[in-house]
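Trainee: Here you go, one structure.
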Amino acid sequence: MLMIVFGFAEIITGFTHNFFGLHTTQGAVSTYIGASIGAFYATAGFIILNMTRRMAVVAIVLLLIVVAGRISMVVTGLYPVSTFRQALAMILGTSIAAGFAVFIALQRSVFR
């Protein structure tokens with residue numbers, strides 16, 4: 001459920017460019033990439049509810065895309081890390097997405 005909530009938060013942030021005082025760069029590219037990352041995140045949350053191994057693998061792939069997308073937003077400057085708060089938010093958010101992927105991989109025996 002958390003992946004779904006975090007995904008929708010990313011989608012909203014993609015369109016508003018603001019989330020509890022954290023900002024993304026204004027512009028169409030930032031909007032589309034940010035919303036896409038959020039959509040992948042939420043989709044991973046929805047498909048993991050299926051509890052099949054195939055969907056678990058798809059969820060892991062989607063989460064890896066989320067991690068790569070967040071890193072690419074920092075590298076390209078679409079997510080500014082000019083303040084400690086911005087940098088910490090990006091590090092924690094990316095770590096949480098990566099943590100979900102690792103958790104799903106470690107729990108593979110639970111999936112049918």
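Each chain in the structure tokens gets a letter, A, B and so on, in the order shown; residues start at 1 in every chain, and ligands are counted from 1 in the order they appear.
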Would you pick out the contacts of Val61 in chain A at 9 Å or less, using only C-alpha atoms, so that residues sharing its chain but fewer than 5 positions from it are not included, and give the list as number ranges by chain?
Mentor: A: 44, 56, 66, 101
Trainee: Excluding same-chain residues fewer than 6 positions from Gly21 in chain A, what lies within 12 Å of it counting only C-alpha atoms, as a list in words?
Mentor: Thr13, Thr83, Arg85, Gln86 and Ala89 of chain A
Trainee: For the selection you just gave me, I'd like the residues written to a file as a PDB file, in the first residue's frame, keeping N, CA and C atoms.
Mentor:
```
ATOM      1  N   THR A  13       3.388  15.490  -7.206  1.00  0.00           N
ATOM      2  CA  THR A  13       4.575  16.346  -7.210  1.00  0.00           C
ATOM      3  C   THR A  13       5.017  16.648  -8.634  1.00  0.00           C
ATOM      4  N   THR A  83      19.950  22.358  -1.620  1.00  0.00           N
ATOM      5  CA  THR A  83      19.882  22.497  -0.171  1.00  0.00           C
ATOM      6  C   THR A  83      19.994  21.119   0.472  1.00  0.00           C
ATOM      7  N   ARG A  85      18.054  19.872   2.682  1.00  0.00           N
ATOM      8  CA  ARG A  85      16.720  19.265   2.759  1.00  0.00           C
ATOM      9  C   ARG A  85      16.337  18.587   1.438  1.00  0.00           C
ATOM     10  N   GLN A  86      16.615  19.255   0.327  1.00  0.00           N
ATOM     11  CA  GLN A  86      16.322  18.681  -0.988  1.00  0.00           C
ATOM     12  C   GLN A  86      17.147  17.412  -1.220  1.00  0.00           C
ATOM     13  N   ALA A  89      15.921  14.566   0.996  1.00  0.00           N
ATOM     14  CA  ALA A  89      14.650  14.025   0.486  1.00  0.00           C
ATOM     15  C   ALA A  89      14.893  13.102  -0.699  1.00  0.00           C
TER      16      ALA A  89
END
```
Trainee: Here is a test: counting only C-alpha atoms, which residue of A:Ala28, A:Ile4, A:Ile65, A:Val57 is nearest to Ala42 in chain A?
Mentor: A:Ile4
Trainee: Determine, counting only C-alpha atoms, which protein, DNA and RNA residues have an atom within 12 Å of an atom of Ile11 in chain A; residues of the same chain fewer than 6 positions away are not included. Present the result as a PyMOL selection string.
Mentor: chain A and resi 4-5+17-19+24+30-43
Trainee: Convert the current residue selection to file output with all heavy atoms, as a short mmCIF file (atom, residue, chain, number, x, y, z; two decimals), in the first residue's frame.
Mentor:
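Output saved as again-v3.cif:
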```
data_model
loop_
_atom_site.label_atom_id
_atom_site.label_comp_id
_atom_site.auth_asym_id
_atom_site.auth_seq_id
_atom_site.Cartn_x
_atom_site.Cartn_y
_atom_site.Cartn_z
N ILE A 4 1.88 2.40 -3.43
CA ILE A 4 0.78 3.07 -4.13
C ILE A 4 0.68 4.52 -3.66
O ILE A 4 0.58 5.45 -4.47
CB ILE A 4 -0.54 2.31 -3.91
CG1 ILE A 4 -0.45 0.91 -4.53
CG2 ILE A 4 -1.73 3.09 -4.49
CD1 ILE A 4 -1.57 -0.02 -4.13
N VAL A 5 0.71 4.72 -2.35
CA VAL A 5 0.62 6.07 -1.79
C VAL A 5 1.80 6.92 -2.26
O VAL A 5 1.63 8.07 -2.70
CB VAL A 5 0.56 6.02 -0.25
CG1 VAL A 5 0.70 7.41 0.36
CG2 VAL A 5 -0.73 5.36 0.20
N HIS A 17 5.01 20.39 -8.87
CA HIS A 17 6.42 20.75 -8.66
C HIS A 17 6.70 21.17 -7.22
O HIS A 17 7.67 21.86 -6.95
CB HIS A 17 6.86 21.86 -9.63
CG HIS A 17 6.63 21.51 -11.05
ND1 HIS A 17 7.43 20.60 -11.72
CD2 HIS A 17 5.68 21.91 -11.94
CE1 HIS A 17 6.98 20.48 -12.96
NE2 HIS A 17 5.92 21.25 -13.11
N ASN A 18 5.83 20.75 -6.30
CA ASN A 18 6.01 21.12 -4.90
C ASN A 18 5.39 20.02 -4.04
O ASN A 18 4.26 19.59 -4.26
CB ASN A 18 5.30 22.45 -4.63
CG ASN A 18 5.58 22.96 -3.23
OD1 ASN A 18 6.40 22.41 -2.50
ND2 ASN A 18 4.89 24.02 -2.86
N PHE A 19 6.15 19.57 -3.04
CA PHE A 19 5.66 18.57 -2.12
C PHE A 19 6.22 18.87 -0.74
O PHE A 19 7.41 18.66 -0.48
CB PHE A 19 6.07 17.16 -2.57
CG PHE A 19 5.51 16.06 -1.72
CD1 PHE A 19 4.17 15.71 -1.82
CD2 PHE A 19 6.31 15.39 -0.83
CE1 PHE A 19 3.65 14.69 -1.03
CE2 PHE A 19 5.80 14.36 -0.04
CZ PHE A 19 4.47 14.02 -0.15
N THR A 24 10.61 20.52 -7.53
CA THR A 24 11.24 20.05 -8.75
C THR A 24 11.28 21.23 -9.71
O THR A 24 10.61 22.23 -9.50
CB THR A 24 10.47 18.88 -9.40
OG1 THR A 24 9.16 19.32 -9.74
CG2 THR A 24 10.40 17.69 -8.48
N SER A 30 10.16 17.98 -16.75
CA SER A 30 10.11 17.60 -15.34
C SER A 30 8.75 17.04 -14.98
O SER A 30 8.64 16.07 -14.23
CB SER A 30 10.43 18.81 -14.46
OG SER A 30 10.34 18.48 -13.11
N THR A 31 7.70 17.64 -15.52
CA THR A 31 6.34 17.17 -15.25
C THR A 31 6.15 15.74 -15.74
O THR A 31 5.68 14.87 -15.01
CB THR A 31 5.31 18.10 -15.92
OG1 THR A 31 5.45 19.41 -15.36
CG2 THR A 31 3.89 17.60 -15.68
N TYR A 32 6.51 15.51 -17.00
CA TYR A 32 6.30 14.18 -17.59
C TYR A 32 7.15 13.11 -16.92
O TYR A 32 6.66 12.01 -16.64
CB TYR A 32 6.56 14.21 -19.09
CG TYR A 32 5.59 15.06 -19.85
CD1 TYR A 32 6.02 15.98 -20.79
CD2 TYR A 32 4.22 14.96 -19.64
CE1 TYR A 32 5.12 16.78 -21.48
CE2 TYR A 32 3.31 15.75 -20.32
CZ TYR A 32 3.77 16.65 -21.25
OH TYR A 32 2.88 17.44 -21.93
N ILE A 33 8.40 13.42 -16.68
CA ILE A 33 9.28 12.43 -16.05
C ILE A 33 8.84 12.16 -14.61
O ILE A 33 8.75 11.01 -14.19
CB ILE A 33 10.76 12.86 -16.12
CG1 ILE A 33 11.23 12.86 -17.57
CG2 ILE A 33 11.62 11.93 -15.28
CD1 ILE A 33 12.62 13.40 -17.77
N GLY A 34 8.57 13.21 -13.85
CA GLY A 34 8.13 13.04 -12.47
C GLY A 34 6.84 12.26 -12.36
O GLY A 34 6.71 11.35 -11.53
N ALA A 35 5.87 12.58 -13.21
CA ALA A 35 4.59 11.86 -13.18
C ALA A 35 4.78 10.41 -13.64
O ALA A 35 4.14 9.50 -13.09
CB ALA A 35 3.57 12.58 -14.06
N SER A 36 5.65 10.19 -14.60
CA SER A 36 5.91 8.82 -15.06
C SER A 36 6.56 7.98 -13.97
O SER A 36 6.19 6.81 -13.77
CB SER A 36 6.81 8.83 -16.30
OG SER A 36 6.17 9.49 -17.37
N ILE A 37 7.49 8.57 -13.27
CA ILE A 37 8.13 7.86 -12.16
C ILE A 37 7.08 7.48 -11.12
O ILE A 37 7.05 6.36 -10.61
CB ILE A 37 9.26 8.71 -11.54
CG1 ILE A 37 10.45 8.79 -12.50
CG2 ILE A 37 9.70 8.16 -10.19
CD1 ILE A 37 11.50 9.79 -12.09
N GLY A 38 6.20 8.42 -10.81
CA GLY A 38 5.13 8.14 -9.86
C GLY A 38 4.19 7.05 -10.35
O GLY A 38 3.75 6.19 -9.58
N ALA A 39 3.89 7.07 -11.65
CA ALA A 39 3.01 6.04 -12.21
C ALA A 39 3.65 4.66 -12.12
O ALA A 39 2.98 3.67 -11.80
CB ALA A 39 2.67 6.38 -13.65
N PHE A 40 4.95 4.58 -12.39
CA PHE A 40 5.65 3.30 -12.26
C PHE A 40 5.64 2.82 -10.82
O PHE A 40 5.45 1.63 -10.55
CB PHE A 40 7.10 3.41 -12.76
CG PHE A 40 7.24 3.52 -14.25
CD1 PHE A 40 8.26 4.29 -14.79
CD2 PHE A 40 6.38 2.88 -15.12
CE1 PHE A 40 8.41 4.40 -16.16
CE2 PHE A 40 6.52 2.98 -16.49
CZ PHE A 40 7.54 3.75 -17.01
N TYR A 41 5.85 3.74 -9.90
CA TYR A 41 5.86 3.43 -8.47
C TYR A 41 4.50 2.88 -8.04
O TYR A 41 4.40 1.82 -7.39
CB TYR A 41 6.18 4.70 -7.70
CG TYR A 41 6.95 4.56 -6.41
CD1 TYR A 41 7.67 5.65 -5.90
CD2 TYR A 41 6.97 3.39 -5.67
CE1 TYR A 41 8.38 5.57 -4.73
CE2 TYR A 41 7.67 3.30 -4.49
CZ TYR A 41 8.37 4.40 -4.02
OH TYR A 41 9.06 4.31 -2.84
N ALA A 42 3.42 3.59 -8.38
CA ALA A 42 2.08 3.15 -8.01
C ALA A 42 1.73 1.83 -8.69
O ALA A 42 1.12 0.94 -8.07
CB ALA A 42 1.06 4.23 -8.37
N THR A 43 2.10 1.68 -9.95
CA THR A 43 1.83 0.44 -10.67
C THR A 43 2.52 -0.74 -10.00
O THR A 43 1.93 -1.83 -9.86
CB THR A 43 2.27 0.56 -12.14
OG1 THR A 43 1.56 1.64 -12.75
CG2 THR A 43 2.00 -0.72 -12.91
#
```
Trainee: Using only C-alpha atoms, which of A:Phe100, A:Phe20, A:Ser95, A:Val75 sits nearest Met1 in chain A?
Mentor: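 Using only C-alpha atoms, the shortest distance to Met1 in chain A belongs to A:Phe100.
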Trainee: Could you pull out all residues of chain A with a DSSP call of helix (DSSP H, G or I) and give them as a PyMOL selection string?
Mentor: chain A and resi 2-16+28-48+53-75+84-106+108-110
Trainee: May I have the residues within 9 Å of Ile71 in chain A as a VMD selection string, using only C-alpha atoms and disregarding those fewer than 5 positions away in the same chain?
Mentor: chain A and resid 66 76 79 90 94
Trainee: DSSP on the backbone, then: every residue of chain A marked strand (DSSP E or B), written as a PyMOL selection string.
Mentor: chain A and resi 18-19+22-23
Trainee: Would you save the residues from that selection as a short mmCIF file (atom, residue, chain, number, x, y, z; two decimals), in the first residue's frame, using all heavy atoms?
Mentor:
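Saved the output as selection03.cif:
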```cif
data_model
loop_
_atom_site.label_atom_id
_atom_site.label_comp_id
_atom_site.auth_asym_id
_atom_site.auth_seq_id
_atom_site.Cartn_x
_atom_site.Cartn_y
_atom_site.Cartn_z
N ASN A 18 5.83 20.75 -6.30
CA ASN A 18 6.01 21.12 -4.90
C ASN A 18 5.39 20.02 -4.04
O ASN A 18 4.26 19.59 -4.26
CB ASN A 18 5.30 22.45 -4.63
CG ASN A 18 5.58 22.96 -3.23
OD1 ASN A 18 6.40 22.41 -2.50
ND2 ASN A 18 4.89 24.02 -2.86
N PHE A 19 6.15 19.57 -3.04
CA PHE A 19 5.66 18.57 -2.12
C PHE A 19 6.22 18.87 -0.74
O PHE A 19 7.41 18.66 -0.48
CB PHE A 19 6.07 17.16 -2.57
CG PHE A 19 5.51 16.06 -1.72
CD1 PHE A 19 4.17 15.71 -1.82
CD2 PHE A 19 6.31 15.39 -0.83
CE1 PHE A 19 3.65 14.69 -1.03
CE2 PHE A 19 5.80 14.36 -0.04
CZ PHE A 19 4.47 14.02 -0.15
N LEU A 22 9.39 20.78 -0.81
CA LEU A 22 10.41 20.26 -1.71
C LEU A 22 9.98 20.57 -3.14
O LEU A 22 8.80 20.48 -3.46
CB LEU A 22 10.59 18.75 -1.52
CG LEU A 22 10.98 18.33 -0.11
CD1 LEU A 22 10.88 16.83 0.03
CD2 LEU A 22 12.36 18.82 0.23
N HIS A 23 10.93 20.93 -3.98
CA HIS A 23 10.59 21.40 -5.30
C HIS A 23 11.30 20.62 -6.40
O HIS A 23 12.41 20.14 -6.20
CB HIS A 23 10.97 22.88 -5.46
CG HIS A 23 10.35 23.76 -4.43
ND1 HIS A 23 9.03 24.13 -4.48
CD2 HIS A 23 10.85 24.31 -3.30
CE1 HIS A 23 8.75 24.89 -3.44
NE2 HIS A 23 9.83 25.00 -2.70
#
```
Trainee: Excluding range 51-53 of chain A and any residue of its chain fewer than 3 positions from it, enumerate the residues within 8 Å of it, using only C-alpha atoms, and give them as a list in words.
Mentor: Ile47, Ile48, Ala56, Val57, Arg108, Val110, Phe111 and Arg112 of chain A
